[in-house]
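Novice: File target_10.cif below, mmCIF, C-alpha atoms:
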```
data_my_file
#
loop_
_atom_site.label_atom_id
_atom_site.label_comp_id
_atom_site.auth_asym_id
_atom_site.auth_seq_id
_atom_site.Cartn_x
_atom_site.Cartn_y
_atom_site.Cartn_z
CA MET C 1 80.36 122.14 93.23
CA ALA C 2 83.31 123.45 91.19
CA GLY C 3 85.97 120.76 91.58
CA PRO C 4 89.23 120.60 89.58
CA LYS C 5 89.17 121.90 86.00
CA PHE C 6 90.49 118.98 83.97
CA ASP C 7 89.06 117.76 80.68
CA VAL C 8 89.64 114.04 81.21
CA SER C 9 88.23 113.25 77.77
CA THR C 10 91.59 114.37 76.31
CA ASP C 11 95.06 112.90 76.85
CA LYS C 12 96.37 116.29 77.98
CA GLY C 13 93.61 116.79 80.54
CA LEU C 14 93.92 113.22 81.83
CA ALA C 15 97.70 113.62 82.19
CA ALA C 16 97.16 116.84 84.15
CA PHE C 17 94.63 115.13 86.44
CA ASN C 18 97.07 112.25 86.93
CA GLY C 19 99.68 114.72 88.20
CA PHE C 20 97.08 116.44 90.40
CA MET C 21 96.32 113.12 92.16
CA GLY C 22 99.99 112.31 92.73
CA SER C 23 99.83 112.94 96.49
CA LYS C 24 96.06 112.79 97.00
CA SER C 25 93.54 110.03 97.69
CA TYR C 26 90.40 112.16 97.17
CA ILE C 27 89.48 115.22 95.11
CA GLU C 28 88.90 117.35 98.20
CA GLY C 29 90.20 116.80 101.71
CA TYR C 30 91.02 113.44 103.23
CA GLN C 31 87.83 111.47 102.76
CA PHE C 32 85.29 110.48 100.11
CA SER C 33 82.93 113.35 99.23
CA ALA C 34 80.43 114.54 96.65
CA ALA C 35 83.33 116.09 94.73
CA ASP C 36 84.65 112.60 94.00
CA THR C 37 81.21 111.44 92.85
CA GLU C 38 80.79 114.47 90.57
CA PHE C 39 84.24 114.18 88.99
CA PHE C 40 83.90 110.40 88.62
CA GLY C 41 80.93 111.04 86.34
CA LYS C 42 83.21 112.81 83.84
CA PHE C 43 84.96 109.53 82.95
CA SER C 44 83.66 107.34 80.16
CA SER C 45 86.14 104.54 80.98
CA CYS C 46 88.84 103.58 83.45
CA PRO C 47 92.19 105.40 82.95
CA ASP C 48 95.11 103.37 81.63
CA ALA C 49 96.96 101.85 84.60
CA THR C 50 100.37 102.14 82.91
CA LYS C 51 100.14 105.71 81.53
CA HIS C 52 98.08 107.33 84.30
CA THR C 53 98.84 105.40 87.50
CA ASN C 54 97.49 107.99 89.97
CA ALA C 55 94.28 108.58 88.04
CA TYR C 56 93.79 104.81 87.75
CA ARG C 57 94.27 104.33 91.51
CA TRP C 58 91.73 107.06 92.33
CA TYR C 59 89.22 105.76 89.75
CA ILE C 60 89.06 102.15 91.01
CA HIS C 61 88.93 103.38 94.62
CA ILE C 62 85.94 105.66 93.93
CA ALA C 63 84.32 102.98 91.72
CA ALA C 64 84.31 100.69 94.76
CA PHE C 65 82.64 103.40 96.87
CA GLN C 66 80.07 104.00 94.13
CA GLY C 67 79.22 100.31 93.91
CA VAL C 68 80.13 100.27 90.21
CA ARG C 69 80.22 96.72 88.83
CA GLY C 70 82.26 95.31 85.97
CA VAL C 71 84.80 98.12 85.72
CA ALA C 72 86.86 97.43 82.59
CA ILE C 73 90.47 97.85 83.66
CA SER C 74 93.91 96.79 82.52
CA PRO C 75 96.17 96.27 85.52
CA PRO C 76 99.84 97.16 85.01
CA ALA C 77 101.54 94.50 82.95
CA ALA C 78 103.91 92.39 85.02
CA ALA C 79 107.55 92.69 83.99
CA ALA C 80 108.54 89.75 81.82
CA ALA C 81 110.95 87.32 83.41
CA PRO C 82 114.44 87.71 81.89
CA ALA C 83 115.27 85.19 79.20
CA PRO C 84 117.67 82.47 80.32
CA ALA C 85 121.22 83.54 79.70
CA ALA C 86 122.98 81.65 76.95
CA ALA C 87 125.47 79.06 78.07
CA PRO C 88 128.94 80.61 78.15
CA ALA C 89 130.99 79.58 75.16
CA PRO C 90 134.07 77.59 76.07
CA ALA C 91 137.15 79.75 76.01
CA LYS C 92 139.46 79.09 73.15
CA LYS C 93 142.72 77.60 74.17
CA GLU C 94 145.73 79.71 73.57
CA ALA C 95 147.63 78.69 70.54
CA LYS C 96 150.83 77.00 71.54
CA ALA C 97 154.16 77.43 69.90
CA ASP C 98 154.72 75.43 66.76
CA ASP C 99 157.69 73.71 68.29
CA ASP C 100 156.70 70.01 68.35
CA ASP C 101 159.41 69.33 70.92
CA ASP C 102 157.52 71.48 73.47
CA PHE C 103 154.19 69.65 72.99
CA ASP C 104 153.50 67.26 75.86
CA VAL C 105 151.18 64.51 74.66
CA PHE C 106 150.55 63.38 78.23
CA GLY C 107 150.38 66.84 79.77
CA ASP C 108 147.49 67.58 82.18
CA ASP C 109 144.95 70.33 81.40
CA ASP C 110 144.05 71.99 84.72
CA GLU C 111 140.85 73.39 83.21
CA ASP C 112 139.51 69.87 82.62
CA ASP C 113 139.71 69.21 86.35
CA GLU C 114 137.20 72.00 87.16
CA PRO C 115 133.55 70.82 87.47
CA GLN C 116 131.47 71.98 84.48
CA GLU C 117 127.74 72.91 84.81
CA SER C 118 125.62 70.79 82.51
CA ARG C 119 122.84 72.32 80.41
CA ALA C 120 120.19 70.63 82.58
CA GLU C 121 121.81 72.00 85.76
CA MET C 122 122.01 75.50 84.26
CA LEU C 123 118.32 75.46 83.25
CA ALA C 124 117.31 74.19 86.70
CA ARG C 125 119.34 76.98 88.36
CA LEU C 126 117.84 79.69 86.12
CA LYS C 127 114.32 78.34 86.77
CA ALA C 128 114.89 78.39 90.54
CA GLU C 129 116.21 81.97 90.38
CA ALA C 130 113.19 83.11 88.31
CA GLU C 131 110.77 81.44 90.76
CA ALA C 132 112.53 83.12 93.69
CA ARG C 133 112.19 86.54 92.02
CA THR C 134 108.50 85.91 91.29
CA ALA C 135 107.82 84.81 94.89
CA LYS C 136 109.57 87.91 96.23
CA LYS C 137 107.50 90.17 93.96
CA GLU C 138 104.21 88.43 94.86
CA ALA C 139 104.97 88.77 98.56
CA LYS C 140 104.78 92.57 98.12
CA GLN C 141 101.66 92.50 95.90
CA ARG C 142 98.50 94.13 97.30
CA THR C 143 94.92 93.87 96.03
CA LEU C 144 92.15 96.44 96.57
CA VAL C 145 88.76 94.77 97.12
CA GLY C 146 85.41 96.58 97.06
CA ILE C 147 82.43 94.94 98.80
CA GLU C 148 78.85 95.78 99.72
CA VAL C 149 77.17 94.69 102.95
CA LYS C 150 73.36 94.56 103.14
CA PRO C 151 71.61 94.75 106.55
CA TRP C 152 68.26 93.26 107.50
CA SER C 153 66.27 96.41 108.26
CA THR C 154 66.17 100.19 108.14
CA GLU C 155 66.49 100.40 111.91
CA GLN C 156 70.07 99.21 112.02
CA ASP C 157 72.91 101.65 112.72
CA LEU C 158 75.09 101.04 109.67
CA GLN C 159 77.98 103.15 110.92
CA GLU C 160 78.14 101.02 114.05
CA LEU C 161 77.96 97.86 111.92
CA TRP C 162 80.84 99.15 109.75
CA LYS C 163 82.93 99.86 112.86
CA LYS C 164 82.17 96.37 114.19
CA ILE C 165 83.26 94.73 110.95
CA THR C 166 86.51 96.71 110.66
CA THR C 167 87.49 96.15 114.27
CA GLU C 168 86.50 92.49 114.71
CA VAL C 169 87.36 91.01 111.30
CA LYS C 170 91.15 90.86 111.36
CA GLN C 171 93.81 88.96 109.43
CA ASP C 172 97.54 89.39 108.96
CA GLY C 173 97.98 91.50 105.81
CA LEU C 174 94.34 92.73 105.82
CA LYS C 175 93.79 96.51 106.01
CA TRP C 176 90.34 98.14 105.99
CA GLY C 177 89.57 101.41 104.20
CA GLU C 178 89.30 104.48 106.41
CA GLN C 179 85.77 105.38 105.25
CA CYS C 180 82.60 103.70 104.03
CA HIS C 181 79.74 104.89 101.79
CA LEU C 182 76.03 104.22 102.31
CA ALA C 183 73.98 103.57 99.16
CA GLU C 184 70.23 103.15 98.74
CA VAL C 185 68.89 99.63 98.11
CA ALA C 186 65.07 99.82 98.28
CA PHE C 187 62.22 100.71 100.65
CA GLY C 188 64.49 102.89 102.76
CA ILE C 189 67.10 100.16 103.29
CA LYS C 190 70.70 101.14 102.64
CA LYS C 191 73.83 99.07 102.07
CA ILE C 192 77.41 99.67 103.16
CA CYS C 193 79.96 100.07 100.35
CA MET C 194 83.44 99.57 101.78
CA THR C 195 86.94 98.55 100.75
CA PHE C 196 89.95 96.69 102.07
CA THR C 197 93.42 95.77 100.82
CA MET C 198 94.98 92.34 101.21
CA GLY C 199 98.17 90.47 100.39
CA VAL C 200 98.65 87.29 98.37
CA ALA C 201 98.33 85.20 101.53
CA ASN C 202 94.83 86.57 102.22
CA SER C 203 91.52 85.34 100.77
CA SER C 204 88.55 87.59 100.03
CA ASP C 205 86.30 84.54 100.56
CA ASP C 206 87.55 84.25 104.15
CA VAL C 207 86.81 87.94 104.76
CA VAL C 208 83.28 87.63 103.31
CA GLU C 209 82.61 84.51 105.39
CA ALA C 210 83.75 86.30 108.56
CA ILE C 211 81.37 89.23 107.90
CA GLU C 212 78.49 86.86 107.13
CA GLY C 213 79.17 85.40 110.57
CA PHE C 214 77.34 88.44 111.99
CA GLU C 215 74.13 86.73 110.85
CA ASP C 216 71.83 88.74 113.14
CA GLU C 217 72.99 92.00 111.56
CA VAL C 218 74.15 91.09 108.05
CA GLN C 219 71.79 89.82 105.36
CA SER C 220 74.40 89.36 102.61
CA VAL C 221 77.91 90.33 101.48
CA GLU C 222 78.96 90.68 97.85
CA VAL C 223 82.37 91.41 96.26
CA LEU C 224 82.06 94.26 93.74
CA SER C 225 85.63 94.57 92.47
CA MET C 226 89.17 93.27 92.88
CA ASN C 227 92.11 95.26 91.52
CA VAL C 228 95.84 94.62 91.85
CA LEU C 229 97.66 97.75 93.03
#
```
Give the structure from this file in structure tokens form.

Specialist:
Amino acid sequence: MAGPKFDVSTDKGLAAFNGFMGSKSYIEGYQFSAADTEFFGKFSSCPDATKHTNAYRWYIHIAAFQGVRGVAISPPAAAAAPAPAAAPAPAKKEAKADDDDDFDVFGDDDEDDEPQESRAEMLARLKAEAEARTAKKEAKQRTLVGIEVKPWSTEQDLQELWKKITTEVKQDGLKWGEQCHLAEVAFGIKKICMTFTMGVANSSDDVVEAIEGFEDEVQSVEVLSMNVL
């Protein structure tokens, strides 16, 4: 199988492949194929998530299908929270005329009547604003999870089991992958390698427990990988 001609062992080739995957999820067509497996074998490590975002996304997706464990990755570094702004320096009062007759010892300063924010109040406000920004960012965060599902026997229809799992296990924020991959276990038994994405409000443990609830059809469920998108 020919596949794309990129030498991913070099920065130039990896950058070219990253551009190639800009609008694609798979090497060929719209589903996982042997071309993805073949090209995946050309990588000696996971692409850098910051420099090659598209290549990184494809790599961890295919790694989940392949059942690869312990993928060494570096998720994109979260943007550092902005440093608290320095307290505004009090404005210097305008110099008054040197005429002592015009100086009112008992004159009122209107500025003194305005409420001033204390340092403690300012720090509390900045902390609340930073927490609000973090909560807003986390609400949009998605995590790609790769799992494997082992059946009890070789006689089971694994495609039907996959359809049952993806249609009956539902949660708000949970989205199942469009395809699954069957991998050999032993003695003719195969396992289902599948993926799903979830939000910060979801729990992979809850998803695994729901699948294990099909105890007559599912022998075990194991999480292979979890990667923040």

Novice: I would like the residues chosen by the PyMOL selection byres ((chain C and resi 203-206) around 10) on the shown file; could you give them as a PDB file with C-alpha atoms, keeping the file's coordinate frame?

Specialist:
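part29.pdb written:
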```pdb
ATOM      1  CA  THR C 143      94.920  93.870  96.030  1.00  0.00           C
ATOM      2  CA  VAL C 145      88.760  94.770  97.120  1.00  0.00           C
ATOM      3  CA  GLY C 146      85.410  96.580  97.060  1.00  0.00           C
ATOM      4  CA  ILE C 147      82.430  94.940  98.800  1.00  0.00           C
ATOM      5  CA  VAL C 169      87.360  91.010 111.300  1.00  0.00           C
ATOM      6  CA  GLN C 171      93.810  88.960 109.430  1.00  0.00           C
ATOM      7  CA  LEU C 174      94.340  92.730 105.820  1.00  0.00           C
ATOM      8  CA  PHE C 196      89.950  96.690 102.070  1.00  0.00           C
ATOM      9  CA  THR C 197      93.420  95.770 100.820  1.00  0.00           C
ATOM     10  CA  MET C 198      94.980  92.340 101.210  1.00  0.00           C
ATOM     11  CA  GLY C 199      98.170  90.470 100.390  1.00  0.00           C
ATOM     12  CA  VAL C 200      98.650  87.290  98.370  1.00  0.00           C
ATOM     13  CA  ALA C 201      98.330  85.200 101.530  1.00  0.00           C
ATOM     14  CA  ASN C 202      94.830  86.570 102.220  1.00  0.00           C
ATOM     15  CA  VAL C 207      86.810  87.940 104.760  1.00  0.00           C
ATOM     16  CA  VAL C 208      83.280  87.630 103.310  1.00  0.00           C
ATOM     17  CA  GLU C 209      82.610  84.510 105.390  1.00  0.00           C
ATOM     18  CA  ALA C 210      83.750  86.300 108.560  1.00  0.00           C
ATOM     19  CA  ILE C 211      81.370  89.230 107.900  1.00  0.00           C
ATOM     20  CA  GLU C 212      78.490  86.860 107.130  1.00  0.00           C
ATOM     21  CA  GLU C 222      78.960  90.680  97.850  1.00  0.00           C
ATOM     22  CA  VAL C 223      82.370  91.410  96.260  1.00  0.00           C
ATOM     23  CA  MET C 226      89.170  93.270  92.880  1.00  0.00           C
TER      24      MET C 226
END
```

Novice: Rank nothing, just name the residue among C:Tyr30, C:Trp176, C:Trp58, C:Phe6 nearest to C:Lys163, using all atoms listed in the file.

Specialist: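 So, comparing all the options, the nearest one is C:Trp176.
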
Novice: Here's the selection I'm unsure about, the PyMOL selection byres ((chain C and resi 67) around 12); applied to the file above, which residues does it give, as an MDAnalysis selection string?

Specialist: chainID C and resid 37 60:66 68:71 145:149 180:185 191:195 222:225

Novice: Would you mind reading off the distance between atom CA of C:Ser44 and atom CA of C:Gln179, one decimal, in Å?

Specialist: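 Between atom CA of C:Ser44 and atom CA of C:Gln179 the gap is 25.3 Å.
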
Novice: Skipping near chain neighbours, those fewer than 6 positions away, what residues fall within 12 Å of C:Lys24 using all atoms listed in the file, listed as a count of residues only?

Specialist: 10

Novice: Would you compute the distance between atom CA of C:Val8 and atom CA of C:Glu178? Give it in Å to one decimal.

Specialist: 27.0 Å

Novice: Mind checking which residues fall within 10 Å of C:Val218, counting all atoms listed in the file, ignoring those fewer than 3 positions away in the same chain, and posting them as a count of residues only?

Specialist: 14

Novice: Can you measure atom CA of C:Glu160 to atom CA of C:Glu217 for me? One decimal in Å is fine.

Specialist: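 That distance, rounded to one decimal, is 10.7 Å.
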